[in-house]
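First the structure, in the form of structure tokens, and then the observations on it.
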Amino acid sequence: MPILRTVTRNQTVADEAPPESSPHAKPLPADPQKFPVRVAPSAIDGMGAFAESAIPAGAKIGEIRGEFVSLAEARVRARQAERTTGRIFMIAISDKRAVDATHSTDPLRFANHACAPNMVLKIQQGRVAFYAIRNIDAGEELTAQYGETHHAGRLICRCGAAKCRGRI
């Protein structure tokens with residue numbers, strides 16, 4: 001299996017890939033971000049994902065990619081990450097598999113939880129995609145409702161929504 005390296009933001013290419021001029025050259029994977037998103041400090045928690053341009057309601061904003069792992073392995077990694085960094089980038093995509101986005105370069109992995117989110121996470125054919133629930137202004141933090149998490153209600157929610165449920 002070829003070793004992958006990052007060549008530009010959100011694109012990877014195999015080290016052993018033939019030159020672009022070769023008839024056997026494989027195209028780079030499409031950038032999964034449909035709208036520009038930047039990562040910056042968040043008033044909610046740590047780093048957050050922010051819209052760099054206006055996003056219309058219903059639009060696909062982008063995706064999170066990562067390593068596919070078993071749900072059992074994801075739980076082990078989540079416990080390790082919680083102890084070491086306090087940041088977990090795991091998303092269950094079925095009752096057997098998860099995506100570990102720990103080493104992903106996709107900016108939406110920094111989307112924070114909010115009880116009144118502006119986007120929704122959808123699992124589509126094993127892919128993790130985000131869609132705007134409403135019109136989103138440039139500069140606005142992108143948030144999603146996490147739903148059930150490994151925190152099991154032990155983590156205090158800091159979203160600041162008027163109807164915040166208080167815990168994640």
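Labels for the structure tokens follow display order: chains A, B, ..., residues from 1 in each chain, ligands from 1.
These are the residues of stretch 126-161 of chain A assigned strand (DSSP E) by DSSP from backbone coordinates: Arg127, Val128, Ala129, Phe130, Tyr131, Ala132, Glu141, Leu142, Thr143 and Ala144 of chain A.
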Polymer residues at most 7 Å from stretch 61-65 of chain A, only C-alpha atoms, same-chain spacing of 4 or more positions, as an mmCIF file with N, CA and C atoms, in the first residue's frame:
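The new file part.cif reads:
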data_model
loop_
_atom_site.group_PDB
_atom_site.id
_atom_site.type_symbol
_atom_site.label_atom_id
_atom_site.label_comp_id
_atom_site.auth_asym_id
_atom_site.auth_seq_id
_atom_site.Cartn_x
_atom_site.Cartn_y
_atom_site.Cartn_z
ATOM 1 N N PRO A 32 -13.395 17.779 -0.289
ATOM 2 C CA PRO A 32 -14.747 17.550 0.212
ATOM 3 C C PRO A 32 -15.440 18.804 0.730
ATOM 4 N N GLN A 33 -14.712 19.920 0.796
ATOM 5 C CA GLN A 33 -15.315 21.146 1.300
ATOM 6 C C GLN A 33 -15.978 21.881 0.137
ATOM 7 N N LYS A 34 -17.262 22.148 0.276
ATOM 8 C CA LYS A 34 -18.014 22.850 -0.764
ATOM 9 C C LYS A 34 -18.013 24.351 -0.536
ATOM 10 N N PHE A 35 -17.773 24.763 0.695
ATOM 11 C CA PHE A 35 -17.681 26.173 1.066
ATOM 12 C C PHE A 35 -16.399 26.346 1.877
ATOM 13 N N ALA A 101 -11.167 10.796 12.749
ATOM 14 C CA ALA A 101 -10.692 11.983 12.031
ATOM 15 C C ALA A 101 -9.570 12.693 12.783
ATOM 16 N N SER A 104 -7.086 13.896 10.331
ATOM 17 C CA SER A 104 -7.669 14.508 9.138
ATOM 18 C C SER A 104 -7.283 15.979 9.056
ATOM 19 N N ASP A 106 -9.388 17.967 7.374
ATOM 20 C CA ASP A 106 -10.674 18.585 7.065
ATOM 21 C C ASP A 106 -11.104 19.508 8.201
ATOM 22 N N LEU A 108 -13.889 20.808 9.119
ATOM 23 C CA LEU A 108 -15.157 20.567 9.818
ATOM 24 C C LEU A 108 -15.008 19.609 10.998
ATOM 25 N N ARG A 109 -13.867 18.973 11.131
ATOM 26 C CA ARG A 109 -13.673 18.117 12.314
ATOM 27 C C ARG A 109 -13.654 18.955 13.588
ATOM 28 N N VAL A 128 -19.215 11.137 6.118
ATOM 29 C CA VAL A 128 -19.717 12.066 7.121
ATOM 30 C C VAL A 128 -19.829 13.440 6.473
ATOM 31 N N ALA A 129 -21.067 13.892 6.263
ATOM 32 C CA ALA A 129 -21.300 15.155 5.566
ATOM 33 C C ALA A 129 -22.090 16.118 6.450
ATOM 34 N N PHE A 130 -21.875 17.408 6.231
ATOM 35 C CA PHE A 130 -22.576 18.455 6.980
ATOM 36 C C PHE A 130 -23.376 19.322 6.018
ATOM 37 N N TYR A 131 -24.621 19.638 6.408
ATOM 38 C CA TYR A 131 -25.528 20.466 5.613
ATOM 39 C C TYR A 131 -26.035 21.621 6.467
ATOM 40 N N ALA A 132 -26.196 22.782 5.841
ATOM 41 C CA ALA A 132 -26.709 23.961 6.539
ATOM 42 C C ALA A 132 -28.191 23.782 6.844
#
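Near stretch 156-159 of chain A, within 7 Å and counting only C-alpha atoms, sit Ile44, His113, Ala114, Cys115, Arg154, Ala161, Cys164, Gly166, Arg167 and Ile168 of chain A; same-chain residues fewer than 2 positions away were not included.
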Export N, CA and C atoms of the chosen residues as a PDB file, in the first residue's frame?
ATOM      1  N   ILE A  44     -17.107  28.706  22.219  1.00  0.00           N
ATOM      2  CA  ILE A  44     -17.786  27.530  22.789  1.00  0.00           C
ATOM      3  C   ILE A  44     -16.782  26.629  23.486  1.00  0.00           C
ATOM      4  N   HIS A 113     -20.241  21.302  19.278  1.00  0.00           N
ATOM      5  CA  HIS A 113     -21.639  20.976  19.576  1.00  0.00           C
ATOM      6  C   HIS A 113     -22.378  22.255  19.943  1.00  0.00           C
ATOM      7  N   ALA A 114     -23.649  22.311  19.546  1.00  0.00           N
ATOM      8  CA  ALA A 114     -24.548  23.368  20.008  1.00  0.00           C
ATOM      9  C   ALA A 114     -25.947  22.783  20.095  1.00  0.00           C
ATOM     10  N   CYS A 115     -26.688  23.209  21.089  1.00  0.00           N
ATOM     11  CA  CYS A 115     -28.069  22.741  21.259  1.00  0.00           C
ATOM     12  C   CYS A 115     -29.008  23.382  20.240  1.00  0.00           C
ATOM     13  N   ARG A 154     -22.017  13.491  30.822  1.00  0.00           N
ATOM     14  CA  ARG A 154     -21.091  13.921  31.881  1.00  0.00           C
ATOM     15  C   ARG A 154     -20.378  15.233  31.555  1.00  0.00           C
ATOM     16  N   ALA A 161     -26.773  28.464  24.022  1.00  0.00           N
ATOM     17  CA  ALA A 161     -28.105  28.596  23.417  1.00  0.00           C
ATOM     18  C   ALA A 161     -29.147  28.886  24.495  1.00  0.00           C
ATOM     19  N   CYS A 164     -30.343  25.650  25.978  1.00  0.00           N
ATOM     20  CA  CYS A 164     -29.246  24.686  26.120  1.00  0.00           C
ATOM     21  C   CYS A 164     -29.681  23.566  27.048  1.00  0.00           C
ATOM     22  N   GLY A 166     -27.702  21.711  28.682  1.00  0.00           N
ATOM     23  CA  GLY A 166     -26.802  21.695  29.836  1.00  0.00           C
ATOM     24  C   GLY A 166     -25.680  20.680  29.809  1.00  0.00           C
ATOM     25  N   ARG A 167     -25.888  19.547  29.154  1.00  0.00           N
ATOM     26  CA  ARG A 167     -24.855  18.499  29.139  1.00  0.00           C
ATOM     27  C   ARG A 167     -24.810  17.809  27.787  1.00  0.00           C
ATOM     28  N   ILE A 168     -23.643  17.272  27.502  1.00  0.00           N
ATOM     29  CA  ILE A 168     -23.435  16.505  26.269  1.00  0.00           C
ATOM     30  C   ILE A 168     -23.220  15.048  26.650  1.00  0.00           C
TER      31      ILE A 168
END
Contacts of stretch 81-92 of chain A within 6 Å, only C-alpha atoms, excl. fewer than 6 positions in-chain, as a ChimeraX atom specification:
/A:98-102
If you run DSSP on this backbone, which residues of stretch 40-74 of chain A come out as alpha helix (DSSP H), and could you give them as an mmCIF file with C-alpha atoms, in the first residue's frame?
data_model
loop_
_atom_site.group_PDB
_atom_site.id
_atom_site.type_symbol
_atom_site.label_atom_id
_atom_site.label_comp_id
_atom_site.auth_asym_id
_atom_site.auth_seq_id
_atom_site.Cartn_x
_atom_site.Cartn_y
_atom_site.Cartn_z
ATOM 1 C CA LEU A 71 -16.606 0.769 16.805
ATOM 2 C CA ALA A 72 -14.703 -1.111 19.529
ATOM 3 C CA GLU A 73 -11.392 0.394 18.342
ATOM 4 C CA ALA A 74 -13.010 3.855 18.169
#
Shell around stretch 50-53 of chain A at 12 Å using only C-alpha atoms, local window under 2 positions removed, as a count of residues only
35
Within 6 Å of A:Arg97, counting only C-alpha atoms, which residues qualify if same-chain residues fewer than 4 places away don't, as number ranges by chain?
A: 69-71, 93
Residues from the last selection, N, CA and C atoms, saved as a PDB file, in the first residue's frame:
ATOM      1  N   VAL A  69     -12.413   2.588  11.306  1.00  0.00           N
ATOM      2  CA  VAL A  69     -12.044   1.646  12.358  1.00  0.00           C
ATOM      3  C   VAL A  69     -13.309   0.989  12.895  1.00  0.00           C
ATOM      4  N   SER A  70     -13.126  -0.119  13.601  1.00  0.00           N
ATOM      5  CA  SER A  70     -14.284  -0.761  14.232  1.00  0.00           C
ATOM      6  C   SER A  70     -14.792   0.143  15.351  1.00  0.00           C
ATOM      7  N   LEU A  71     -16.039  -0.027  15.718  1.00  0.00           N
ATOM      8  CA  LEU A  71     -16.606   0.769  16.805  1.00  0.00           C
ATOM      9  C   LEU A  71     -15.858   0.487  18.112  1.00  0.00           C
ATOM     10  N   ILE A  93     -20.381   5.614  12.161  1.00  0.00           N
ATOM     11  CA  ILE A  93     -21.121   5.662  10.901  1.00  0.00           C
ATOM     12  C   ILE A  93     -22.065   4.475  10.752  1.00  0.00           C
TER      13      ILE A  93
END
